[in-house]
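With CSV, C-alpha atoms inside, this is entry30.csv:
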```csv
chain,number,residue,atom,x,y,z
T,206,MET,CA,80.8,-13.8,42.4
T,207,ARG,CA,80.7,-10.6,40.4
T,208,VAL,CA,77.8,-8.2,40.8
T,209,VAL,CA,76.6,-5.2,38.9
T,210,LEU,CA,74.1,-2.7,40.6
T,211,ALA,CA,71.7,-0.2,39.2
T,212,SER,CA,69.8,2.5,41.0
T,213,GLU,CA,69.2,6.1,40.2
T,214,ARG,CA,70.0,7.2,43.8
T,215,THR,CA,73.6,7.1,45.1
T,216,GLN,CA,72.4,6.3,48.6
T,217,VAL,CA,70.6,3.2,47.4
T,218,GLN,CA,73.6,2.1,45.4
T,219,ASN,CA,75.7,2.5,48.6
T,220,LEU,CA,73.2,0.5,50.6
T,221,LEU,CA,73.2,-2.3,47.9
T,222,VAL,CA,77.0,-2.3,48.0
T,223,ASP,CA,76.9,-2.8,51.8
T,224,VAL,CA,74.4,-5.7,51.5
T,225,VAL,CA,76.3,-7.4,48.6
T,226,GLU,CA,79.8,-7.1,50.2
T,227,GLU,CA,78.6,-8.5,53.5
T,228,GLU,CA,78.7,-11.8,51.7
T,229,PRO,CA,82.1,-13.5,51.4
T,230,GLY,CA,83.2,-13.8,47.8
T,231,ALA,CA,80.8,-11.2,46.4
T,232,VAL,CA,82.2,-8.1,44.8
T,233,VAL,CA,80.6,-5.2,43.1
T,234,VAL,CA,82.2,-4.7,39.7
T,235,GLY,CA,80.0,-2.0,38.3
T,236,GLN,CA,77.3,0.6,39.3
T,237,ALA,CA,74.8,2.3,37.0
T,238,GLU,CA,72.2,5.0,37.5
T,239,ASN,CA,70.0,4.2,34.5
T,240,ALA,CA,68.8,1.3,32.4
T,241,THR,CA,70.9,2.2,29.3
T,242,LYS,CA,74.1,2.2,31.4
T,243,VAL,CA,73.4,-1.0,33.3
T,244,LEU,CA,72.7,-2.8,30.0
T,245,ALA,CA,76.1,-1.7,28.7
T,246,LEU,CA,77.8,-2.7,31.9
T,247,VAL,CA,76.2,-6.2,31.9
T,248,LYS,CA,77.1,-6.6,28.2
T,249,ASN,CA,80.8,-5.6,28.8
T,250,LEU,CA,81.5,-7.1,32.2
T,251,ARG,CA,79.3,-10.3,32.0
T,252,PRO,CA,78.7,-10.3,35.8
T,253,ASP,CA,77.2,-13.3,37.6
T,254,ILE,CA,74.4,-11.2,39.1
T,255,ALA,CA,72.8,-7.9,38.2
T,256,ILE,CA,70.8,-6.2,41.0
T,257,ILE,CA,68.3,-3.7,39.6
T,258,ASP,CA,66.1,-1.1,41.3
T,259,SER,CA,62.6,-1.4,39.7
T,260,ASN,CA,62.2,2.4,39.9
T,261,LEU,CA,64.9,3.1,37.3
T,262,PRO,CA,65.0,5.8,34.6
T,263,TYR,CA,65.7,4.6,31.0
T,264,SER,CA,68.4,7.0,30.2
T,265,VAL,CA,68.5,10.3,32.0
T,266,GLY,CA,66.1,10.9,34.9
T,267,MET,CA,63.5,13.5,34.0
T,268,ASP,CA,62.5,14.8,37.4
T,269,ARG,CA,59.2,16.3,36.3
T,270,VAL,CA,58.0,13.0,34.9
T,271,ALA,CA,57.5,10.4,37.6
T,272,LEU,CA,56.6,7.8,35.1
T,273,SER,CA,59.9,8.0,33.4
T,274,ARG,CA,61.3,5.8,36.2
T,275,MET,CA,59.7,2.6,35.1
T,276,SER,CA,62.5,0.9,33.2
T,277,GLY,CA,63.8,-1.4,35.9
T,278,LEU,CA,61.5,-4.3,35.0
T,279,ASP,CA,62.0,-3.7,31.2
T,280,ILE,CA,65.8,-3.8,31.4
T,281,ALA,CA,65.7,-6.8,33.8
T,282,GLN,CA,63.7,-8.7,31.2
T,283,THR,CA,65.9,-7.6,28.4
T,284,ILE,CA,69.1,-8.9,30.2
T,285,CYS,CA,67.4,-12.2,31.1
T,286,GLN,CA,66.3,-12.6,27.5
T,287,THR,CA,69.7,-11.7,25.8
T,288,LEU,CA,72.3,-12.6,28.4
T,289,PRO,CA,70.8,-15.5,30.3
T,290,SER,CA,74.1,-16.4,32.1
T,291,THR,CA,73.6,-13.3,34.3
T,292,ARG,CA,71.0,-13.9,37.0
T,293,VAL,CA,68.9,-10.7,37.5
T,294,ILE,CA,67.4,-9.6,40.8
T,295,ILE,CA,64.9,-6.8,40.7
T,296,ILE,CA,64.3,-5.0,43.9
T,297,ASN,CA,60.9,-3.5,44.4
T,298,ASN,CA,60.7,-1.8,47.7
T,299,LEU,CA,63.6,0.7,47.4
T,300,ASP,CA,61.3,3.7,46.6
T,301,THR,CA,58.7,3.1,49.3
T,302,GLN,CA,60.4,1.3,52.3
T,303,LEU,CA,63.7,3.1,52.3
T,304,SER,CA,64.0,6.8,52.7
T,305,PRO,CA,66.3,8.7,50.4
T,306,GLU,CA,68.8,9.0,53.3
T,307,ALA,CA,68.7,5.3,54.1
T,308,GLY,CA,71.9,3.5,54.5
T,309,LEU,CA,73.3,0.7,56.5
T,310,GLY,CA,73.6,2.4,59.9
T,311,ARG,CA,75.8,1.3,62.8
T,312,ASP,CA,72.8,-0.2,64.6
T,313,SER,CA,71.1,-1.9,61.6
T,314,GLN,CA,71.6,-4.6,59.1
T,315,ALA,CA,70.2,-5.1,55.7
T,316,PHE,CA,69.4,-8.3,53.8
T,317,PHE,CA,67.6,-9.5,50.7
T,318,SER,CA,64.2,-11.2,51.0
T,319,ARG,CA,61.8,-12.8,48.5
T,320,GLU,CA,58.1,-12.1,48.8
T,321,ARG,CA,56.1,-15.3,48.8
T,322,ILE,CA,52.4,-15.9,49.4
T,323,ALA,CA,53.4,-18.1,52.4
T,324,GLY,CA,55.6,-15.3,53.8
T,325,ASN,CA,58.8,-13.5,53.1
T,326,THR,CA,62.1,-15.5,53.1
T,327,ALA,CA,65.6,-14.0,53.5
T,328,PHE,CA,68.2,-15.2,51.1
T,329,LYS,CA,71.9,-14.9,50.4
T,330,LEU,CA,73.3,-14.2,46.9
T,331,GLN,CA,75.3,-17.4,47.1
T,332,GLU,CA,72.1,-19.5,47.7
T,333,LEU,CA,70.3,-17.8,44.9
T,334,TYR,CA,73.1,-18.3,42.5
T,335,ARG,CA,73.2,-22.0,43.3
T,336,GLU,CA,69.4,-22.4,43.3
T,337,VAL,CA,68.5,-20.5,40.2
T,338,ALA,CA,69.9,-22.1,37.0
T,339,ILE,CA,70.2,-20.0,33.9
T,340,SER,CA,67.1,-18.0,34.1
T,341,GLU,CA,64.9,-16.3,31.5
T,342,THR,CA,62.9,-14.4,34.1
T,343,PRO,CA,64.2,-12.0,36.8
T,344,VAL,CA,64.0,-12.9,40.5
T,345,PHE,CA,61.7,-10.4,42.4
T,346,ALA,CA,63.1,-9.4,45.8
T,347,ASN,CA,63.1,-6.8,48.5
T,348,VAL,CA,65.8,-5.3,50.6
T,349,GLU,CA,64.8,-5.3,54.3
T,350,VAL,CA,66.6,-3.1,56.9
T,351,GLU,CA,66.3,-4.2,60.5
T,352,ALA,CA,67.7,-2.8,63.7
T,353,TRP,CA,70.2,-4.9,65.5
T,354,PRO,CA,68.5,-6.7,68.4
T,355,ALA,CA,68.9,-4.8,71.8
T,356,ARG,CA,71.0,-7.6,73.2
T,357,LYS,CA,73.4,-7.4,70.3
T,358,GLN,CA,73.6,-3.6,70.7
T,359,GLU,CA,74.4,-4.1,74.4
T,360,ASN,CA,77.1,-6.6,73.6
T,361,LYS,CA,78.6,-4.2,71.1
T,362,GLN,CA,78.6,-1.4,73.7
T,363,ALA,CA,80.2,-3.7,76.3
T,364,THR,CA,82.9,-4.7,73.7
T,365,ASN,CA,83.7,-1.0,72.9
T,366,ASP,CA,83.8,-0.2,76.6
T,367,ALA,CA,86.2,-3.0,77.3
T,368,ILE,CA,88.5,-1.7,74.5
T,369,VAL,CA,88.4,1.9,75.9
T,370,VAL,CA,88.9,0.9,79.5
T,371,GLY,CA,91.8,-1.5,78.5
T,372,THR,CA,93.6,1.2,76.5
T,373,VAL,CA,93.2,3.8,79.3
T,374,SER,CA,94.4,1.3,81.9
T,375,ILE,CA,97.5,0.4,79.8
T,376,ALA,CA,98.3,4.1,79.4
T,377,GLY,CA,97.8,4.7,83.2
T,378,GLY,CA,99.8,1.6,84.1
T,379,LEU,CA,102.7,2.8,81.9
T,380,TYR,CA,102.6,6.2,83.5
T,381,LEU,CA,102.7,4.7,87.1
T,382,ILE,CA,105.6,2.4,86.1
T,383,GLY,CA,107.4,5.5,84.9
T,384,THR,CA,107.1,7.1,88.3
T,385,LEU,CA,109.2,4.1,89.7
T,386,TRP,CA,107.9,4.4,93.3
T,387,LEU,CA,104.3,3.4,92.1
T,388,ALA,CA,105.7,0.8,89.7
T,389,PRO,CA,104.1,-2.3,91.4
T,390,TYR,CA,100.6,-0.6,91.1
T,391,GLY,CA,101.4,0.4,87.6
T,392,ALA,CA,102.3,-3.2,86.6
T,393,LEU,CA,99.0,-4.4,88.1
T,394,LEU,CA,97.1,-1.7,86.2
T,395,LEU,CA,99.0,-2.5,83.0
T,396,LEU,CA,98.1,-6.2,83.4
T,397,PHE,CA,94.4,-5.3,84.0
T,398,GLY,CA,94.4,-3.1,80.9
T,399,VAL,CA,96.0,-5.8,78.7
T,400,VAL,CA,93.4,-8.4,79.8
T,401,ARG,CA,90.5,-6.0,79.1
T,402,LEU,CA,91.9,-4.9,75.7
T,403,VAL,CA,92.5,-8.5,74.6
T,404,PHE,CA,89.0,-9.5,75.9
T,405,GLY,CA,87.4,-6.6,73.9
T,406,LEU,CA,89.3,-7.3,70.7
T,407,LEU,CA,88.6,-11.1,70.8
T,408,ARG,CA,84.9,-10.4,71.3
T,409,LYS,CA,84.9,-8.0,68.4
T,410,LEU,CA,86.6,-10.6,66.2
T,411,THR,CA,84.2,-13.3,67.3
T,412,VAL,CA,81.2,-11.1,66.4
T,413,ARG,CA,82.7,-10.3,63.0
T,414,LEU,CA,83.4,-13.9,62.2
T,415,TRP,CA,79.9,-15.0,63.4
T,416,ARG,CA,78.2,-12.4,61.2
T,417,ARG,CA,80.0,-13.8,58.2
M,236,MET,CA,38.8,-6.3,54.8
M,237,ASN,CA,35.6,-7.6,53.3
M,238,THR,CA,34.9,-7.6,49.6
M,239,LYS,CA,32.3,-4.8,49.8
M,240,GLN,CA,34.7,-2.5,51.7
M,241,VAL,CA,37.5,-3.2,49.1
M,242,LEU,CA,35.1,-2.3,46.3
M,243,LYS,CA,34.0,0.9,48.1
M,244,GLU,CA,37.6,2.1,48.4
M,245,CYS,CA,38.1,1.8,44.6
M,246,SER,CA,37.1,4.9,42.7
M,247,VAL,CA,35.3,2.9,40.0
M,248,PHE,CA,32.7,1.7,42.5
M,249,SER,CA,32.6,4.6,44.9
M,250,ALA,CA,29.3,6.0,43.7
M,251,LEU,CA,27.4,2.8,44.1
M,252,SER,CA,25.0,2.0,46.9
M,253,ASP,CA,25.5,-0.8,49.4
M,254,SER,CA,23.0,-3.1,47.7
M,255,GLU,CA,24.7,-2.5,44.3
M,256,LEU,CA,28.1,-3.2,45.8
M,257,ASP,CA,26.7,-6.5,47.2
M,258,ARG,CA,25.7,-7.5,43.7
M,259,ILE,CA,29.2,-6.9,42.4
M,260,ALA,CA,30.8,-8.5,45.5
M,261,SER,CA,28.8,-11.7,44.7
M,262,LEU,CA,30.8,-12.0,41.4
M,263,ALA,CA,34.2,-11.4,43.0
M,264,VAL,CA,36.7,-13.9,44.3
M,265,GLU,CA,40.0,-13.1,46.1
M,266,LYS,CA,43.2,-14.1,44.3
M,267,GLN,CA,46.9,-13.9,45.3
M,268,TYR,CA,49.9,-13.7,43.0
M,269,GLU,CA,53.6,-13.8,43.8
M,270,ALA,CA,56.0,-11.1,42.6
M,271,GLY,CA,57.0,-11.7,39.1
M,272,THR,CA,53.7,-13.5,38.1
M,273,THR,CA,52.1,-12.5,34.8
M,274,ILE,CA,48.4,-12.1,35.5
M,275,PHE,CA,47.5,-11.8,31.8
M,276,GLU,CA,49.2,-11.2,28.5
M,277,GLU,CA,48.5,-8.7,25.8
M,278,GLY,CA,46.1,-10.3,23.3
M,279,ASP,CA,44.6,-12.8,25.7
M,280,SER,CA,40.8,-13.0,25.9
M,281,ALA,CA,39.7,-10.6,28.8
M,282,GLN,CA,37.9,-12.9,31.2
M,283,GLU,CA,38.6,-11.1,34.5
M,284,PHE,CA,38.4,-7.6,35.9
M,285,PHE,CA,40.7,-7.0,38.9
M,286,VAL,CA,40.7,-4.6,41.8
M,287,LEU,CA,44.0,-4.4,43.6
M,288,GLN,CA,43.9,-4.8,47.4
M,289,GLU,CA,47.6,-4.9,47.9
M,290,GLY,CA,50.8,-4.7,45.8
M,291,LYS,CA,51.9,-3.2,42.5
M,292,VAL,CA,51.3,-4.4,39.0
M,293,ALA,CA,53.3,-3.2,36.0
M,294,LEU,CA,51.4,-2.8,32.7
M,295,GLN,CA,53.7,-3.6,29.7
M,296,MET,CA,53.4,-3.2,26.0
M,297,THR,CA,55.2,-5.5,23.7
M,298,PHE,CA,57.3,-4.2,20.8
M,299,SER,CA,58.0,-7.0,18.3
M,300,GLU,CA,61.4,-7.5,16.8
M,301,ARG,CA,61.9,-5.1,13.9
M,302,GLN,CA,64.7,-3.5,11.9
M,303,GLY,CA,67.5,-5.1,13.9
M,304,GLN,CA,65.9,-3.9,17.2
M,305,LEU,CA,65.4,-6.4,19.9
M,306,GLY,CA,61.8,-7.4,20.6
M,307,ARG,CA,61.0,-6.4,24.2
M,308,ARG,CA,58.4,-5.2,26.6
M,309,ILE,CA,58.1,-1.5,27.7
M,310,THR,CA,56.4,-0.6,31.0
M,311,VAL,CA,53.8,2.1,30.3
M,312,ASP,CA,52.1,2.3,33.7
M,313,VAL,CA,52.2,0.9,37.3
M,314,VAL,CA,48.9,0.1,39.0
M,315,ASN,CA,48.7,0.5,42.8
M,316,LYS,CA,46.4,-0.5,45.7
M,317,ASN,CA,42.6,0.4,45.1
M,318,GLU,CA,43.1,0.7,41.4
M,319,ILE,CA,41.7,-1.5,38.6
M,320,VAL,CA,43.5,-3.8,36.2
M,321,GLY,CA,41.9,-5.4,33.2
M,322,TRP,CA,39.2,-2.9,32.1
M,323,SER,CA,39.2,-4.7,28.7
M,324,ALA,CA,36.9,-7.3,30.4
M,325,ILE,CA,34.0,-4.8,30.1
M,326,VAL,CA,35.0,-3.0,26.9
M,327,GLU,CA,34.7,-4.6,23.5
M,328,PRO,CA,36.4,-6.6,21.9
M,329,TYR,CA,37.2,-8.0,25.4
M,330,THR,CA,40.9,-8.6,24.7
M,331,TYR,CA,43.6,-7.4,27.0
M,332,THR,CA,45.6,-4.5,25.4
M,333,LEU,CA,48.6,-4.8,27.7
M,334,THR,CA,50.5,-7.4,29.8
M,335,ALA,CA,50.2,-7.2,33.6
M,336,VAL,CA,53.2,-8.3,35.7
M,337,CYS,CA,53.2,-8.3,39.5
M,338,LEU,CA,56.0,-6.2,40.8
M,339,GLN,CA,55.2,-7.2,44.4
M,340,LYS,CA,53.1,-9.9,46.1
M,341,VAL,CA,49.5,-9.0,44.9
M,342,ASN,CA,46.1,-9.5,46.6
M,343,ALA,CA,43.3,-8.8,44.2
M,344,LEU,CA,39.6,-9.2,43.8
M,345,SER,CA,38.9,-10.9,40.5
M,346,ILE,CA,35.4,-10.2,39.0
M,347,ASP,CA,34.2,-12.6,36.4
M,348,GLY,CA,34.1,-10.7,33.1
M,349,SER,CA,31.0,-12.2,31.4
M,350,LYS,CA,28.8,-12.0,34.6
M,351,PHE,CA,30.0,-8.5,35.2
M,352,ARG,CA,29.1,-7.4,31.7
M,353,ARG,CA,25.7,-8.9,32.1
M,354,LEU,CA,25.2,-7.0,35.4
M,355,LEU,CA,26.2,-3.7,33.7
M,356,ARG,CA,23.8,-4.4,30.9
M,357,ASP,CA,20.9,-5.3,33.1
M,358,ASN,CA,21.3,-2.6,35.8
M,359,HIS,CA,21.7,0.8,34.0
M,360,HIS,CA,22.7,2.7,37.1
M,361,ILE,CA,25.6,0.3,37.9
M,362,GLY,CA,26.5,0.2,34.2
M,363,TYR,CA,26.6,4.0,33.9
M,364,GLU,CA,28.6,4.7,37.1
M,365,VAL,CA,31.1,1.9,36.5
M,366,LEU,CA,31.7,2.8,32.8
M,367,LYS,CA,31.9,6.5,33.6
M,368,GLU,CA,34.6,5.8,36.2
M,369,THR,CA,36.4,3.2,33.9
M,370,ILE,CA,36.6,5.8,31.1
M,371,LYS,CA,38.4,8.1,33.6
M,372,VAL,CA,40.9,5.3,34.3
M,373,VAL,CA,41.4,4.6,30.6
M,374,ALA,CA,41.9,8.3,29.9
M,375,SER,CA,44.4,8.6,32.7
M,376,ARG,CA,46.4,5.5,31.4
M,377,LEU,CA,46.4,7.1,28.0
M,378,ASP,CA,47.8,10.3,29.4
M,379,ASP,CA,50.5,8.2,31.4
M,380,THR,CA,51.5,6.4,28.2
M,381,ARG,CA,51.8,9.8,26.4
M,382,GLN,CA,54.0,11.1,29.1
M,383,VAL,CA,56.3,8.0,28.8
M,384,LEU,CA,56.4,8.4,25.0
M,385,ILE,CA,57.3,12.1,25.4
M,386,SER,CA,59.9,11.6,28.2
M,387,GLU,CA,61.6,8.6,26.8
M,388,ARG,CA,61.8,7.9,23.1
M,389,LEU,CA,62.4,4.2,22.3
M,390,LEU,CA,66.2,3.9,21.9
M,391,PRO,CA,67.6,1.0,20.0
M,392,VAL,CA,69.1,-1.9,22.0
M,393,LYS,CA,71.7,-3.9,20.1
M,394,LEU,CA,73.5,-6.8,21.8
```

Once you've parsed the file, please lay out its structure as structure tokens.
Amino acid sequence: MRVVLASERTQVQNLLVDVVEEEPGAVVVGQAENATKVLALVKNLRPDIAIIDSNLPYSVGMDRVALSRMSGLDIAQTICQTLPSTRVIIINNLDTQLSPEAGLGRDSQAFFSRERIAGNTAFKLQELYREVAISETPVFANVEVEAWPARKQENKQATNDAIVVGTVSIAGGLYLIGTLWLAPYGALLLLFGVVRLVFGLLRKLTVRLWRR
Amino acid sequence: MNTKQVLKECSVFSALSDSELDRIASLAVEKQYEAGTTIFEEGDSAQEFFVLQEGKVALQMTFSERQGQLGRRITVDVVNKNEIVGWSAIVEPYTYTLTAVCLQKVNALSIDGSKFRRLLRDNHHIGYEVLKETIKVVASRLDDTRQVLISERLLPVKL
């Protein structure tokens, strides 16, 4: 699944890249900072999905004119109208809910959600691509950033601790073995370190696979 | 939040008394729209006057296809919470001059256009205050549109 992104701010583009590339099979093939450029990219690259910040300048951002950043919706409609094989997602909350410095931090995760009268629903690009057939109207969505739950953070910390303790124990064990007269204790410490390290790495791998 | 409180927070109705707000509130119903919904289109008969309680609405002008240029819509303003949409419902010829598209989930008070016009005609104080404030909104939107025209000339889009 090939994706083109458009936002005036580099930080927002980076955040969107993180969210898109969390999904298996999704790859960002182009990034644009204004509506003119994203239209050219979509025309040339024919991506499966274009994700567009609603707060987008038409050509070059004119900092003194706030209203010059209203082209996101216009260009999303133009793409839907002229290149209907590209699904267009317009993101509305990037100017208000995310600070200019926002990014996908170590303790947070971001995801797409659709605002509905009944309530917001999270969605994956794959699901959207399957659900929405060739569309003449853009899909309106938000990007939500949420902190990892405390338990997940504790697990992450425990995993990192296991890796550090394992590595230090292996180093200590090897040193003791080197002294020869403390070699039996060194072997035990080495064994302990290997077990801790393997445990930590397996846990990290499991979490990564589970997140996918 | 009750209807009267919503009206009070909107600049168009801020100078009205409680009893006057009650009369307007009796004409209003609450409506909800999902993001992406078109509330009304340019050229439609203006039957409703909206006060936004929540969400954002883009106001778009349609450029018809001409001289090889693609027909498309251009956003000329974005309306936020506590602002009005659809002033055409109280200004002749009662035809919407722009298209209103919800950028986010929108909660709005919808005031029946013909009943509202009758109220403005029959009660001169309400009529004066509402029209005075509405003219400010119209002037501000005109200024916004000018800024957009100045900042971004319409560039040709050829595909």

List the spatial neighbours of T:Gly230 as a PDB file with C-alpha atoms, in the frame of the given file - criterion: any atom at most 9 Å away, only C-alpha atoms, same-chain residues fewer than 4 positions off excluded.
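Saved to selection.pdb:
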```
ATOM      1  CA  MET T 206      80.800 -13.800  42.400  1.00  0.00           C
ATOM      2  CA  ARG T 207      80.700 -10.600  40.400  1.00  0.00           C
ATOM      3  CA  GLU T 226      79.800  -7.100  50.200  1.00  0.00           C
ATOM      4  CA  GLN T 331      75.300 -17.400  47.100  1.00  0.00           C
TER       5      GLN T 331
END
```

Query raised in the report: Taking all atoms listed in the file into account, which residues of chain T are within 10 Å of chain M, as a PyMOL selection string?
Result: chain T and resi 241+244-245+248+259+262-267+269-280+282-284+286-288+295-298+319-325+342-347

Same residues, C-alpha atoms, saved as a compact mmCIF listing (two decimals), in the coordinates of the input:
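File written: result_25.txt
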```txt
# COMPACT_ATOMS: atom_id res chain seq x y z
CA THR T 241 70.90 2.20 29.30
CA LEU T 244 72.70 -2.80 30.00
CA ALA T 245 76.10 -1.70 28.70
CA LYS T 248 77.10 -6.60 28.20
CA SER T 259 62.60 -1.40 39.70
CA PRO T 262 65.00 5.80 34.60
CA TYR T 263 65.70 4.60 31.00
CA SER T 264 68.40 7.00 30.20
CA VAL T 265 68.50 10.30 32.00
CA GLY T 266 66.10 10.90 34.90
CA MET T 267 63.50 13.50 34.00
CA ARG T 269 59.20 16.30 36.30
CA VAL T 270 58.00 13.00 34.90
CA ALA T 271 57.50 10.40 37.60
CA LEU T 272 56.60 7.80 35.10
CA SER T 273 59.90 8.00 33.40
CA ARG T 274 61.30 5.80 36.20
CA MET T 275 59.70 2.60 35.10
CA SER T 276 62.50 0.90 33.20
CA GLY T 277 63.80 -1.40 35.90
CA LEU T 278 61.50 -4.30 35.00
CA ASP T 279 62.00 -3.70 31.20
CA ILE T 280 65.80 -3.80 31.40
CA GLN T 282 63.70 -8.70 31.20
CA THR T 283 65.90 -7.60 28.40
CA ILE T 284 69.10 -8.90 30.20
CA GLN T 286 66.30 -12.60 27.50
CA THR T 287 69.70 -11.70 25.80
CA LEU T 288 72.30 -12.60 28.40
CA ILE T 295 64.90 -6.80 40.70
CA ILE T 296 64.30 -5.00 43.90
CA ASN T 297 60.90 -3.50 44.40
CA ASN T 298 60.70 -1.80 47.70
CA ARG T 319 61.80 -12.80 48.50
CA GLU T 320 58.10 -12.10 48.80
CA ARG T 321 56.10 -15.30 48.80
CA ILE T 322 52.40 -15.90 49.40
CA ALA T 323 53.40 -18.10 52.40
CA GLY T 324 55.60 -15.30 53.80
CA ASN T 325 58.80 -13.50 53.10
CA THR T 342 62.90 -14.40 34.10
CA PRO T 343 64.20 -12.00 36.80
CA VAL T 344 64.00 -12.90 40.50
CA PHE T 345 61.70 -10.40 42.40
CA ALA T 346 63.10 -9.40 45.80
CA ASN T 347 63.10 -6.80 48.50
```

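Among T:Asp253, T:Glu332, T:Asp258, T:Asp366, the residue with the shortest atom-to-atom distance to T:Leu220, counting all atoms listed in the file, is T:Asp258.
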
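Taking atom CA of M:Gln240 and atom CA of M:Asp357 as endpoints, the distance between them is 23.3 Å.
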
Report task. Just give me the gap between atom CA of T:Phe317 and atom CA of M:Leu344 in Å, one decimal is fine. Result ->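 Atom-to-atom, atom CA of T:Phe317 and atom CA of M:Leu344 are spaced 28.8 Å apart.
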
Query raised in the report: Using only C-alpha atoms, which residues sit within 10 Å of M:Asn237 once same-chain residues fewer than 4 positions away are excluded, as a list in words?
Result: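 Selected residues are Val241, Leu242 and Ala260 of chain M.
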
Requested in this report: For M:Leu256, please output as an MDAnalysis selection string all residues within 10 Å (counting all atoms listed in the file; exclusion window: fewer than 3 positions along the same chain).
Outcome: chainID M and resid 238:243 248:253 259:261 361

Report task. Identify, on the basis of only C-alpha atoms, every residue whose closest approach to stretch 326-335 of chain M does not exceed 9 Å; exclude the query and any residue fewer than 4 positions from it along the same chain; express the result as a list in words. Result ->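 The residues that qualify are Thr272, Thr273, Ile274, Phe275, Glu276, Glu277, Gly278, Asp279, Ser280, Ala281, Gln282, Val292, Ala293, Leu294, Gln295, Met296, Thr297, Arg308, Val320, Gly321, Trp322, Gly348, Arg352 and Leu366 of chain M.
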
Query raised in the report: So how many Å separate atom CA of M:Lys316 and atom CA of M:Gln288, to one decimal?
Result: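 So the two atoms, atom CA of M:Lys316 and atom CA of M:Gln288, lie 5.3 Å apart.
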
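Residue nearest T:Arg408 within the list T:Leu396, T:Leu250, T:Ile368, T:Leu210: T:Ile368 [criterion: smallest interatomic distance, only C-alpha atoms].
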
Report summary line: Residue with the minimum atom-to-atom distance to T:Val399, picked from T:Ile256, T:Leu387, T:Ile382, T:Ile375 with only C-alpha atoms counted, is T:Ile375

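When all atoms listed in the file are used to measure the gap to M:Glu265, the shortest distance among M:Ile319, M:Ala324, M:Val314, M:Leu287 belongs to M:Leu287.
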